[in-house]
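Peer 1: For reference, the file entry-v9.pdb (PDB, C-alpha atoms and all ligand atoms) is included below:
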MODEL        1
ATOM      1  CA  MET A 690      33.368  -6.152   7.450  1.00  0.00           C
ATOM      2  CA  LYS A 691      29.628  -5.417   7.540  1.00  0.00           C
ATOM      3  CA  LYS A 692      27.236  -7.581   9.489  1.00  0.00           C
ATOM      4  CA  ILE A 693      24.055  -8.895   7.908  1.00  0.00           C
ATOM      5  CA  ALA A 694      20.928 -10.125   9.676  1.00  0.00           C
ATOM      6  CA  ILE A 695      18.640 -12.375   7.639  1.00  0.00           C
ATOM      7  CA  LEU A 696      14.929 -12.405   8.510  1.00  0.00           C
ATOM      8  CA  ALA A 697      13.082 -15.482   7.261  1.00  0.00           C
ATOM      9  CA  SER A 698       9.822 -17.250   8.123  1.00  0.00           C
ATOM     10  CA  GLY A 699      10.247 -20.641   6.518  1.00  0.00           C
ATOM     11  CA  ASN A 700      12.562 -23.029   4.746  1.00  0.00           C
ATOM     12  CA  GLY A 701      15.401 -20.572   4.246  1.00  0.00           C
ATOM     13  CA  SER A 702      16.930 -21.932   1.058  1.00  0.00           C
ATOM     14  CA  ASN A 703      17.761 -18.353   0.033  1.00  0.00           C
ATOM     15  CA  ALA A 704      19.253 -17.738   3.473  1.00  0.00           C
ATOM     16  CA  GLU A 705      21.437 -20.800   2.932  1.00  0.00           C
ATOM     17  CA  GLU A 706      22.754 -19.453  -0.384  1.00  0.00           C
ATOM     18  CA  ILE A 707      23.442 -16.060   1.173  1.00  0.00           C
ATOM     19  CA  ILE A 708      25.266 -17.590   4.151  1.00  0.00           C
ATOM     20  CA  LYS A 709      27.454 -19.676   1.822  1.00  0.00           C
ATOM     21  CA  HIS A 710      28.176 -16.741  -0.472  1.00  0.00           C
ATOM     22  CA  PHE A 711      29.348 -14.487   2.346  1.00  0.00           C
ATOM     23  CA  LYS A 712      31.563 -17.159   3.908  1.00  0.00           C
ATOM     24  CA  ASN A 713      33.976 -16.388   1.087  1.00  0.00           C
ATOM     25  CA  ALA A 714      33.326 -12.658   0.709  1.00  0.00           C
ATOM     26  CA  GLU A 715      35.237  -9.774   2.215  1.00  0.00           C
ATOM     27  CA  ALA A 716      32.405  -7.249   2.193  1.00  0.00           C
ATOM     28  CA  ALA A 717      30.209  -8.818   4.851  1.00  0.00           C
ATOM     29  CA  GLU A 718      29.216 -11.793   6.939  1.00  0.00           C
ATOM     30  CA  VAL A 719      25.875 -13.197   8.008  1.00  0.00           C
ATOM     31  CA  ALA A 720      25.918 -12.550  11.756  1.00  0.00           C
ATOM     32  CA  LEU A 721      22.326 -13.241  12.811  1.00  0.00           C
ATOM     33  CA  ILE A 722      19.210 -15.107  11.693  1.00  0.00           C
ATOM     34  CA  ILE A 723      15.787 -13.962  12.878  1.00  0.00           C
ATOM     35  CA  SER A 724      12.537 -15.852  12.403  1.00  0.00           C
ATOM     36  CA  ASN A 725       8.978 -15.257  13.561  1.00  0.00           C
ATOM     37  CA  LYS A 726       8.296 -19.017  13.486  1.00  0.00           C
ATOM     38  CA  PRO A 727       9.880 -21.174  16.199  1.00  0.00           C
ATOM     39  CA  ASP A 728       9.770 -24.247  13.927  1.00  0.00           C
ATOM     40  CA  ALA A 729      11.120 -22.606  10.748  1.00  0.00           C
ATOM     41  CA  PHE A 730      13.786 -24.720   9.059  1.00  0.00           C
ATOM     42  CA  VAL A 731      15.904 -21.607   8.599  1.00  0.00           C
ATOM     43  CA  LEU A 732      16.722 -21.820  12.338  1.00  0.00           C
ATOM     44  CA  LYS A 733      18.194 -25.278  11.813  1.00  0.00           C
ATOM     45  CA  ARG A 734      20.278 -23.893   8.976  1.00  0.00           C
ATOM     46  CA  ALA A 735      21.573 -21.170  11.311  1.00  0.00           C
ATOM     47  CA  GLU A 736      22.555 -23.819  13.840  1.00  0.00           C
ATOM     48  CA  ASN A 737      24.332 -25.877  11.169  1.00  0.00           C
ATOM     49  CA  HIS A 738      26.418 -22.828  10.243  1.00  0.00           C
ATOM     50  CA  ASN A 739      27.015 -21.751  13.848  1.00  0.00           C
ATOM     51  CA  ILE A 740      25.188 -18.501  13.292  1.00  0.00           C
ATOM     52  CA  PRO A 741      23.243 -17.064  16.253  1.00  0.00           C
ATOM     53  CA  SER A 742      19.491 -17.004  15.809  1.00  0.00           C
ATOM     54  CA  LYS A 743      16.472 -15.541  17.579  1.00  0.00           C
ATOM     55  CA  VAL A 744      12.721 -16.040  17.349  1.00  0.00           C
ATOM     56  CA  ILE A 745      10.639 -12.893  17.472  1.00  0.00           C
ATOM     57  CA  SER A 746       6.837 -12.773  17.584  1.00  0.00           C
ATOM     58  CA  ARG A 747       4.702 -10.398  15.546  1.00  0.00           C
ATOM     59  CA  LYS A 748       3.952  -8.433  18.725  1.00  0.00           C
ATOM     60  CA  GLN A 749       7.610  -8.184  19.720  1.00  0.00           C
ATOM     61  CA  LEU A 750       8.434  -6.979  16.225  1.00  0.00           C
ATOM     62  CA  GLN A 751       5.690  -4.344  16.352  1.00  0.00           C
ATOM     63  CA  ASP A 752       6.669  -3.272  19.888  1.00  0.00           C
ATOM     64  CA  GLY A 753      10.228  -2.438  18.867  1.00  0.00           C
ATOM     65  CA  ASP A 754      11.924  -5.404  20.493  1.00  0.00           C
ATOM     66  CA  LEU A 755      14.034  -6.239  17.457  1.00  0.00           C
ATOM     67  CA  LEU A 756      16.091  -3.051  17.602  1.00  0.00           C
ATOM     68  CA  PRO A 757      18.102  -3.872  20.763  1.00  0.00           C
ATOM     69  CA  VAL A 758      18.793  -7.352  19.369  1.00  0.00           C
ATOM     70  CA  LEU A 759      20.142  -5.901  16.121  1.00  0.00           C
ATOM     71  CA  LYS A 760      22.236  -3.410  18.123  1.00  0.00           C
ATOM     72  CA  HIS A 761      23.624  -6.175  20.301  1.00  0.00           C
ATOM     73  CA  TYR A 762      24.858  -8.066  17.240  1.00  0.00           C
ATOM     74  CA  GLU A 763      26.084  -4.801  15.608  1.00  0.00           C
ATOM     75  CA  ILE A 764      23.967  -5.413  12.524  1.00  0.00           C
ATOM     76  CA  ASP A 765      24.534  -3.006   9.599  1.00  0.00           C
ATOM     77  CA  PHE A 766      22.218  -4.476   7.006  1.00  0.00           C
ATOM     78  CA  ILE A 767      18.997  -6.520   6.933  1.00  0.00           C
ATOM     79  CA  VAL A 768      17.992  -9.042   4.296  1.00  0.00           C
ATOM     80  CA  LEU A 769      14.422 -10.338   4.098  1.00  0.00           C
ATOM     81  CA  ALA A 770      14.428 -13.793   2.546  1.00  0.00           C
ATOM     82  CA  GLY A 771      10.894 -15.130   2.721  1.00  0.00           C
ATOM     83  CA  PHE A 772       9.921 -13.064   5.782  1.00  0.00           C
ATOM     84  CA  LEU A 773       6.152 -12.776   5.976  1.00  0.00           C
ATOM     85  CA  LEU A 774       5.592 -10.001   8.528  1.00  0.00           C
ATOM     86  CA  LEU A 775       5.360  -6.339   7.624  1.00  0.00           C
ATOM     87  CA  ILE A 776       8.483  -4.396   8.590  1.00  0.00           C
ATOM     88  CA  PRO A 777       7.442  -1.676  11.072  1.00  0.00           C
ATOM     89  CA  GLN A 778       8.250   1.954  10.512  1.00  0.00           C
ATOM     90  CA  TYR A 779      10.784   2.194  13.367  1.00  0.00           C
ATOM     91  CA  LEU A 780      12.921  -0.418  11.635  1.00  0.00           C
ATOM     92  CA  VAL A 781      12.724   1.261   8.218  1.00  0.00           C
ATOM     93  CA  LYS A 782      13.773   4.528   9.889  1.00  0.00           C
ATOM     94  CA  ALA A 783      16.630   2.914  11.814  1.00  0.00           C
ATOM     95  CA  PHE A 784      17.958   1.199   8.657  1.00  0.00           C
ATOM     96  CA  PRO A 785      17.388   3.647   5.780  1.00  0.00           C
ATOM     97  CA  ASN A 786      18.198   1.924   2.465  1.00  0.00           C
ATOM     98  CA  LYS A 787      19.683  -0.886   4.483  1.00  0.00           C
ATOM     99  CA  ILE A 788      16.829  -3.391   4.307  1.00  0.00           C
ATOM    100  CA  ILE A 789      16.280  -5.388   1.143  1.00  0.00           C
ATOM    101  CA  ASN A 790      13.717  -7.970   0.156  1.00  0.00           C
ATOM    102  CA  ILE A 791      13.313 -10.505  -2.604  1.00  0.00           C
ATOM    103  CA  HIS A 792       9.904 -11.049  -4.156  1.00  0.00           C
ATOM    104  CA  PRO A 793       9.256 -14.076  -6.395  1.00  0.00           C
ATOM    105  CA  ALA A 794       7.605 -12.166  -9.259  1.00  0.00           C
ATOM    106  CA  LEU A 795       8.100  -9.114 -11.435  1.00  0.00           C
ATOM    107  CA  LEU A 796       6.781  -6.312  -9.211  1.00  0.00           C
ATOM    108  CA  PRO A 797       4.528  -4.369  -9.313  1.00  0.00           C
ATOM    109  CA  LYS A 798       2.747  -7.470 -10.582  1.00  0.00           C
ATOM    110  CA  TYR A 799       1.688 -10.080  -8.023  1.00  0.00           C
ATOM    111  CA  GLY A 800       2.830  -8.139  -4.967  1.00  0.00           C
ATOM    112  CA  GLY A 801       1.269  -6.743  -1.828  1.00  0.00           C
ATOM    113  CA  LYS A 802      -0.285  -8.194   1.302  1.00  0.00           C
ATOM    114  CA  GLY A 803      -1.072 -11.890   1.057  1.00  0.00           C
ATOM    115  CA  MET A 804       0.949 -12.390  -2.110  1.00  0.00           C
ATOM    116  CA  TYR A 805       3.696 -14.762  -1.113  1.00  0.00           C
ATOM    117  CA  GLY A 806       4.956 -18.244  -1.845  1.00  0.00           C
ATOM    118  CA  ASP A 807       2.818 -20.501  -4.002  1.00  0.00           C
ATOM    119  CA  ARG A 808       0.004 -17.947  -4.209  1.00  0.00           C
ATOM    120  CA  VAL A 809       2.244 -15.813  -6.387  1.00  0.00           C
ATOM    121  CA  HIS A 810       3.113 -18.633  -8.782  1.00  0.00           C
ATOM    122  CA  GLN A 811      -0.527 -19.753  -8.911  1.00  0.00           C
ATOM    123  CA  ALA A 812      -1.572 -16.212  -9.866  1.00  0.00           C
ATOM    124  CA  VAL A 813       1.104 -16.064 -12.568  1.00  0.00           C
ATOM    125  CA  LYS A 814      -0.112 -19.398 -13.960  1.00  0.00           C
ATOM    126  CA  GLU A 815      -3.756 -18.244 -13.998  1.00  0.00           C
ATOM    127  CA  SER A 816      -2.858 -14.952 -15.684  1.00  0.00           C
ATOM    128  CA  GLY A 817      -1.354 -16.666 -18.704  1.00  0.00           C
ATOM    129  CA  ASP A 818       1.721 -14.384 -18.508  1.00  0.00           C
ATOM    130  CA  LYS A 819       4.572 -15.649 -20.650  1.00  0.00           C
ATOM    131  CA  GLU A 820       7.266 -14.559 -18.238  1.00  0.00           C
ATOM    132  CA  THR A 821       7.843 -14.114 -14.542  1.00  0.00           C
ATOM    133  CA  GLY A 822      10.912 -13.650 -12.393  1.00  0.00           C
ATOM    134  CA  ILE A 823      12.325 -12.028  -9.275  1.00  0.00           C
ATOM    135  CA  THR A 824      12.418  -8.529  -7.889  1.00  0.00           C
ATOM    136  CA  ILE A 825      15.028  -7.393  -5.382  1.00  0.00           C
ATOM    137  CA  HIS A 826      14.061  -4.100  -3.774  1.00  0.00           C
ATOM    138  CA  PHE A 827      14.632  -1.780  -0.847  1.00  0.00           C
ATOM    139  CA  VAL A 828      12.009  -2.077   1.868  1.00  0.00           C
ATOM    140  CA  ASN A 829       9.655   0.671   2.977  1.00  0.00           C
ATOM    141  CA  GLU A 830       6.586   0.603   5.241  1.00  0.00           C
ATOM    142  CA  ASN A 831       4.350  -1.041   2.619  1.00  0.00           C
ATOM    143  CA  TYR A 832       4.535  -4.592   1.336  1.00  0.00           C
ATOM    144  CA  ASP A 833       6.594  -4.909  -1.864  1.00  0.00           C
ATOM    145  CA  GLU A 834       6.741  -1.183  -2.666  1.00  0.00           C
ATOM    146  CA  GLY A 835      10.299   0.049  -2.090  1.00  0.00           C
ATOM    147  CA  GLU A 836      12.700   1.099  -4.848  1.00  0.00           C
ATOM    148  CA  VAL A 837      13.571  -1.731  -7.226  1.00  0.00           C
ATOM    149  CA  ILE A 838      17.258  -2.685  -7.325  1.00  0.00           C
ATOM    150  CA  PHE A 839      17.166  -5.616  -9.724  1.00  0.00           C
ATOM    151  CA  GLN A 840      14.771  -7.765 -11.715  1.00  0.00           C
ATOM    152  CA  GLY A 841      15.556 -11.083 -13.373  1.00  0.00           C
ATOM    153  CA  LYS A 842      13.199 -12.887 -15.752  1.00  0.00           C
ATOM    154  CA  CYS A 843      12.372 -16.433 -16.755  1.00  0.00           C
ATOM    155  CA  GLU A 844      10.001 -17.927 -19.276  1.00  0.00           C
ATOM    156  CA  VAL A 845       6.607 -19.389 -18.323  1.00  0.00           C
ATOM    157  CA  LEU A 846       5.592 -22.186 -20.704  1.00  0.00           C
ATOM    158  CA  PRO A 847       1.891 -22.923 -21.322  1.00  0.00           C
ATOM    159  CA  ASN A 848       2.072 -26.279 -19.520  1.00  0.00           C
ATOM    160  CA  ASP A 849       4.166 -25.146 -16.551  1.00  0.00           C
ATOM    161  CA  THR A 850       2.575 -25.937 -13.188  1.00  0.00           C
ATOM    162  CA  PRO A 851       2.886 -23.438 -10.309  1.00  0.00           C
ATOM    163  CA  GLU A 852       5.508 -25.814  -8.835  1.00  0.00           C
ATOM    164  CA  GLN A 853       7.549 -25.703 -12.034  1.00  0.00           C
ATOM    165  CA  ILE A 854       7.299 -21.923 -12.105  1.00  0.00           C
ATOM    166  CA  ALA A 855       8.438 -21.813  -8.464  1.00  0.00           C
ATOM    167  CA  LYS A 856      11.447 -23.948  -9.324  1.00  0.00           C
ATOM    168  CA  LYS A 857      12.546 -21.627 -12.126  1.00  0.00           C
ATOM    169  CA  VAL A 858      12.086 -18.596  -9.896  1.00  0.00           C
ATOM    170  CA  HIS A 859      14.099 -20.187  -7.090  1.00  0.00           C
ATOM    171  CA  GLN A 860      16.970 -20.822  -9.493  1.00  0.00           C
ATOM    172  CA  LEU A 861      16.969 -17.120 -10.382  1.00  0.00           C
ATOM    173  CA  GLU A 862      16.905 -16.218  -6.688  1.00  0.00           C
ATOM    174  CA  TYR A 863      19.922 -18.379  -5.870  1.00  0.00           C
ATOM    175  CA  LYS A 864      21.813 -17.059  -8.865  1.00  0.00           C
ATOM    176  CA  TYR A 865      21.276 -13.351  -8.222  1.00  0.00           C
ATOM    177  CA  PHE A 866      20.247 -12.561  -4.642  1.00  0.00           C
ATOM    178  CA  PRO A 867      23.621 -13.096  -2.886  1.00  0.00           C
ATOM    179  CA  LYS A 868      25.488 -11.171  -5.614  1.00  0.00           C
ATOM    180  CA  ILE A 869      23.055  -8.263  -5.593  1.00  0.00           C
ATOM    181  CA  ILE A 870      23.257  -8.010  -1.797  1.00  0.00           C
ATOM    182  CA  GLU A 871      27.039  -7.839  -2.057  1.00  0.00           C
ATOM    183  CA  GLN A 872      26.850  -5.201  -4.771  1.00  0.00           C
ATOM    184  CA  VAL A 873      24.484  -3.050  -2.693  1.00  0.00           C
ATOM    185  CA  LEU A 874      26.763  -3.352   0.324  1.00  0.00           C
ATOM    186  CA  LEU A 875      29.822  -2.367  -1.682  1.00  0.00           C
ATOM    187  CA  ASP A 876      28.001   0.648  -3.134  1.00  0.00           C
ATOM    188  CA  GLN A 877      27.046   2.021   0.302  1.00  0.00           C
TER
HETATM  189  C1  LIG A 901      11.287 -17.080  -1.956  1.00  0.00           C
HETATM  190  O1  LIG A 901      10.659 -17.468  -3.139  1.00  0.00           O
HETATM  191  C2  LIG A 901      11.294 -15.576  -1.822  1.00  0.00           C
HETATM  192  O2  LIG A 901      11.277 -14.903  -3.029  1.00  0.00           O
HETATM  193  C3  LIG A 901      10.006 -15.305  -1.116  1.00  0.00           C
HETATM  194  O3  LIG A 901       9.831 -16.390  -0.230  1.00  0.00           O
HETATM  195  C4  LIG A 901      10.524 -17.533  -0.737  1.00  0.00           C
HETATM  196  C5  LIG A 901      11.390 -18.058   0.351  1.00  0.00           C
HETATM  197  O4  LIG A 901      11.951 -19.294   0.039  1.00  0.00           O
HETATM  198  N1  LIG A 901      10.005 -13.996  -0.547  1.00  0.00           N
HETATM  199  P1  LIG A 901      13.101 -19.894   0.950  1.00  0.00           P
HETATM  200  O5  LIG A 901      12.586 -19.888   2.393  1.00  0.00           O
HETATM  201  O6  LIG A 901      14.302 -19.027   0.779  1.00  0.00           O
HETATM  202  O7  LIG A 901      13.336 -21.289   0.485  1.00  0.00           O
ENDMDL
END
Once you've parsed the file, please lay out its structure as structure tokens.
Peer 2:
Amino acid sequence: MKKIAILASGNGSNAEEIIKHFKNAEAAEVALIISNKPDAFVLKRAENHNIPSKVISRKQLQDGDLLPVLKHYEIDFIVLAGFLLLIPQYLVKAFPNKIINIHPALLPKYGGKGMYGDRVHQAVKESGDKETGITIHFVNENYDEGEVIFQGKCEVLPNDTPEQIAKKVHQLEYKYFPKIIEQVLLDQ
């Protein structure tokens, strides 16, 4: 049974779906939730599911303080689900091909530093693109640049607001992210 740590900065609705999925899976369990924001709702979700959680500051993350925590909880695999800080090199090295992220657009479009949350959906709306979607990818030292594992698409209608686009993208995330994580874990 592999142990997953989820890193999230905000609401954590993806984290919730992942936690639920792995409650009934044999491959892995969610063993730890990490957030950089003390008031992130994802921490409440961890509490509701009796999953240990920790808050880590940007400085602690950069200084290497996350590694002993991950060791303590015997973490094998890291999932970024709306985590806004850049993953430092020491972590990428310690978890080669064992950190994955979800991005709410079809990378390489609408990725990189500062492209997160509603900004992404706003940019999609302004571009006039007729489709958007999700990208699940391995994490390297640069924002949104690691090897792509999976992309899923949805239609963008001319009158869709950024909020409506976000809703469609979230549905794709809930549908695919837990399953793709499981598939990656089984393949390793
Ligand atoms: C998701 O859209 C994810 O793709 C992005 O951040 C958002 C997090 O949403 N990286 P939630 O916290 O899981 O509700």
Peer 1: Translate the PyMOL selection byres (((not hetatm)) within 6 of (chain A and resi 901)), as applied to the file shown, into an explicit residue set as a list of chain:residue names.
Peer 2: A:Gly699, A:Asn700, A:Gly701, A:Ser702, A:Asn703, A:Ala704, A:Ala770, A:Gly771, A:Ile791, A:His792, A:Pro793, A:Gly806, A:His859
Peer 1: Residues as selected, C-alpha atoms, written as a PDB file, in the frame of the given file, can you do that?
Peer 2:
ATOM      1  CA  GLY A 699      10.247 -20.641   6.518  1.00  0.00           C
ATOM      2  CA  ASN A 700      12.562 -23.029   4.746  1.00  0.00           C
ATOM      3  CA  GLY A 701      15.401 -20.572   4.246  1.00  0.00           C
ATOM      4  CA  SER A 702      16.930 -21.932   1.058  1.00  0.00           C
ATOM      5  CA  ASN A 703      17.761 -18.353   0.033  1.00  0.00           C
ATOM      6  CA  ALA A 704      19.253 -17.738   3.473  1.00  0.00           C
ATOM      7  CA  ALA A 770      14.428 -13.793   2.546  1.00  0.00           C
ATOM      8  CA  GLY A 771      10.894 -15.130   2.721  1.00  0.00           C
ATOM      9  CA  ILE A 791      13.313 -10.505  -2.604  1.00  0.00           C
ATOM     10  CA  HIS A 792       9.904 -11.049  -4.156  1.00  0.00           C
ATOM     11  CA  PRO A 793       9.256 -14.076  -6.395  1.00  0.00           C
ATOM     12  CA  GLY A 806       4.956 -18.244  -1.845  1.00  0.00           C
ATOM     13  CA  HIS A 859      14.099 -20.187  -7.090  1.00  0.00           C
TER      14      HIS A 859
END
Peer 1: Report as a PyMOL selection string the residues that result from applying the PyMOL selection byres (((chain A and resi 755) around 12) and not hetatm) to the structure here.
Peer 2: chain A and resi 694+696+721-725+743-754+756-762+764+767+776-777+779-781+783
Peer 1: If we count only C-alpha atoms and set the cut-off at 12 Å, which residues sit around Asn739 in chain A, ignoring sequence neighbours fewer than 5 positions away in its own chain? Please answer as an NGL selection string.
Peer 2: :A and (708 or 712 or 719-722 or 732-734)
Peer 1: As an exercise, work out the distance from CA of Glu820 in chain A to CA of Cys843 in chain A in Å and give it to one decimal place.
Peer 2: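 Result for CA of Glu820 in chain A versus CA of Cys843 in chain A: 5.6 Å, one decimal.
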Peer 1: For His710 in chain A, list every protein, DNA or RNA residue within 12 Å, evaluated using all atoms listed in the file, and leave out those in the same chain fewer than 4 positions away; present the list as JSON, numbers by chain.
Peer 2: {"A": [703, 704, 705, 706, 714, 715, 716, 717, 718, 719, 863, 864, 865, 866, 867, 868, 869, 870, 871]}
Peer 1: Taking the file as I've supplied it (selection: the PyMOL selection byres (((chain A and resi 811) around 10) and not hetatm)), which residues are included? Please answer as a short mmCIF file (atom, residue, chain, number, x, y, z; two decimals) with C-alpha atoms, keeping the file's coordinate frame.
Peer 2:
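Saved to result12.cif:
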data_model
loop_
_atom_site.label_atom_id
_atom_site.label_comp_id
_atom_site.auth_asym_id
_atom_site.auth_seq_id
_atom_site.Cartn_x
_atom_site.Cartn_y
_atom_site.Cartn_z
CA TYR A 799 1.69 -10.08 -8.02
CA GLY A 806 4.96 -18.24 -1.84
CA ASP A 807 2.82 -20.50 -4.00
CA ARG A 808 0.00 -17.95 -4.21
CA VAL A 809 2.24 -15.81 -6.39
CA HIS A 810 3.11 -18.63 -8.78
CA ALA A 812 -1.57 -16.21 -9.87
CA VAL A 813 1.10 -16.06 -12.57
CA LYS A 814 -0.11 -19.40 -13.96
CA GLU A 815 -3.76 -18.24 -14.00
CA SER A 816 -2.86 -14.95 -15.68
CA THR A 850 2.58 -25.94 -13.19
CA PRO A 851 2.89 -23.44 -10.31
CA GLU A 852 5.51 -25.81 -8.84
CA ILE A 854 7.30 -21.92 -12.10
CA ALA A 855 8.44 -21.81 -8.46
#
Peer 1: Enter the distance from CA of Phe839 in chain A to CA of Ala697 in chain A, in Å, rounded to one decimal.
Peer 2: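 Going from CA of Phe839 in chain A over to CA of Ala697 in chain A covers 20.1 Å.
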Peer 1: Excluding range 829-835 of chain A and its own-chain neighbours fewer than 6 positions away, which residues fall within 9 Å of it when counting only C-alpha atoms? Please give them as a list of chain:residue names.
Peer 2: A:Leu775, A:Ile776, A:Pro777, A:Gln778, A:Val781, A:Lys782, A:Pro785, A:Asn786, A:Ile788, A:Ile789, A:Asn790, A:Ile791, A:His792, A:Leu796, A:Pro797, A:Gly800, A:Gly801, A:Lys802
Peer 1: Quick one: residues within 7 Å of Gln840 in chain A, all atoms listed in the file counted, chain neighbours fewer than 6 positions away excluded, as a PyMOL selection string?
Peer 2: chain A and resi 795+823-825
Peer 1: Include C-alpha atoms and write out the residues we just selected as a JSON list (two decimals), keeping the file's coordinate frame.
Peer 2:
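Output saved as result-v8.json:
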[["chain", "number", "residue", "atom", "x", "y", "z"],
["A", 795, "LEU", "CA", 8.10, -9.11, -11.44],
["A", 823, "ILE", "CA", 12.32, -12.03, -9.28],
["A", 824, "THR", "CA", 12.42, -8.53, -7.89],
["A", 825, "ILE", "CA", 15.03, -7.39, -5.38]]
Peer 1: What is the distance, in Å and to one decimal place, between CA of Gly803 in chain A and CA of Phe827 in chain A?
Peer 2: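 Atom-to-atom, CA of Gly803 in chain A and CA of Phe827 in chain A are spaced 18.8 Å apart.
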Peer 1: Please write out, as lines of an AutoDock Vina configuration file, where the centre of an axis-aligned box around all listed atoms of range 781-791 of chain A lies and how long its edges are, in Å to one decimal, after adding 6 Å on each side.
Peer 2:
center_x = 16.2
center_y = -3.0
center_z = 4.6
size_x = 19.0
size_y = 27.0
size_z = 26.4
Peer 1: If I put a ball of radius 10 Å at (13.0, -16.0, -17.6) in the file's coordinates, which residues poke into it when counting all atoms listed in the file, written as JSON, numbers by chain?
Peer 2: {"A": [819, 820, 821, 822, 823, 841, 842, 843, 844, 845, 854, 857, 858, 861]}
Peer 1: Given the choices A:Ser698, A:Glu736, A:Lys709, A:Ser742, which gets closest to Tyr805 in chain A if the distance is worked out from only C-alpha atoms?
Peer 2: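 With only C-alpha atoms as the atom set, the closest residue is A:Ser698.
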